[in-house]
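Everything below concerns the one structure shown next.
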Amino acid sequence: MAAAAETESPSPKIFIPNEWSTAADVIACGSVSFPIAFVCGPKNSGKTTFSRHLVNVLLQRRKRVAFLDTDVGQTEFTPPGLLALTVIDKITPDLTIPCVKTPARCFFFGDISSKRDPTTYLTYIKALYDHYMETEIQGAGLPLVINTPGWVKVTVPDGPFWLDEGDADAATTIIEINAPPQNHLTSMAPMRKDARLQRDLRLMAYFKQCFPSDTIISTIKELSHALASHPPYEIPMSSITIKHLHCQVPGCIAPYLSTIVLSTN
């Protein structure tokens, strides 16, 4: 499919290809009462930008849209390291600004990549999807946009690649769109910043909610000083449970951990 001309989006310096706009309109205006869009592709192909654009297009026709974020390293509405199902009810005019929202449900995965513990990663995603299908979110008929990480070795194959040969899936419509041409990737630079910087920005946006809106915090150092001076929550030590993510604590070490916890009670 030939690349189409670009059209300017509300976000400064971001251009949405006409091909993307057409695909989003097809999904939003389709006959399915609550479409589920699974956006996948290789790294730096524009998945996140398209997903956010699709949410905005759906919100022009629906009051709310569910967003399942499976990219633990580049989350959209939560701090990094989380897998989350979030309900969006307002259009985001500027896609370049971190937008933190309280999810309908989330799991703390505790890593910026799924490769360390793919079993737990998939378990959490299935639980979030089941929550969408089985609760009031589904009852409200909300569309669902699923954003995925670019953790693929090769270009995603054509057609319904997730099915065994000979199987059919009439309920699924595949829409293939191209990544922006190489000479236009600079126009999407705000959505393609350094990954570590993006994570820092989302952490800052999340923790800034602890302070009055007029508080000026522009660096991680300023944030750490502000948090250190903020009154902490106090809970009984007996309410704390220690869990080492993605691996078991060796038996020879566990008694010493217990001793440390008890000695600080």
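Within each chain, counting starts at residue 1; across the structure tokens, chains are named A, B, ... in the order shown, with ligands numbered 1 upward in that order.
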
| strand (DSSP E or B) call set, DSSP backbone run, region 12-252 of chain A, as a list in words |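 The strand (DSSP E or B) residues within region 12-252 of chain A come out as Phe15, Ile16, Pro17, Ile36, Ala37, Phe38, Val39, Val65, Ala66, Phe67, Leu68, Asp69, Leu82, Leu83, Ala84, Leu85, Thr86, Val87, Ile88, Arg105, Cys106, Phe107, Phe108, Leu144, Val145, Ile146 and Asn147 of chain A.
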
| field | Shell of 8 Å around region 60-75 of chain A, only C-alpha atoms, local chain residues under 5 positions omitted, as a PyMOL selection string | value | chain A and resi 28+55+80-91+109+111-114+125+128-129+137+142-149+195+198-199

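Between CA of Gly141 (chain A) and CA of Phe50 (chain A) lies a distance of 21.8 Å.
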
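In this model, the gap between CA of Glu76 (chain A) and CA of Cys99 (chain A) comes to 7.0 Å.
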
| said: Restricting the calculation to only C-alpha atoms: of A:Gly41, A:Cys106, A:Lys101, A:Gly139, which residue gets closest to Lys126 (chain A)? | reply: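 Checking each of A:Gly41, A:Cys106, A:Lys101, A:Gly139 against Lys126 (chain A), counting only C-alpha atoms, the winner is A:Cys106.
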
| task | Please measure the separation of CA of Arg52 (chain A) and CA of Pro118 (chain A), giving the value in Å to one decimal. | result |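 Atom-to-atom, CA of Arg52 (chain A) to CA of Pro118 (chain A), that is 25.2 Å.
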
| field | region 6-73 of chain A: residues DSSP assigns to alpha helix (DSSP H), reported as a ChimeraX atom specification | value | /A:18-28,47-59

| field | Distance criterion (only C-alpha atoms): nearest to Ile27 (chain A) out of A:Ile14, A:Ala205, A:Ile235, A:Ile174 | value | A:Ile174
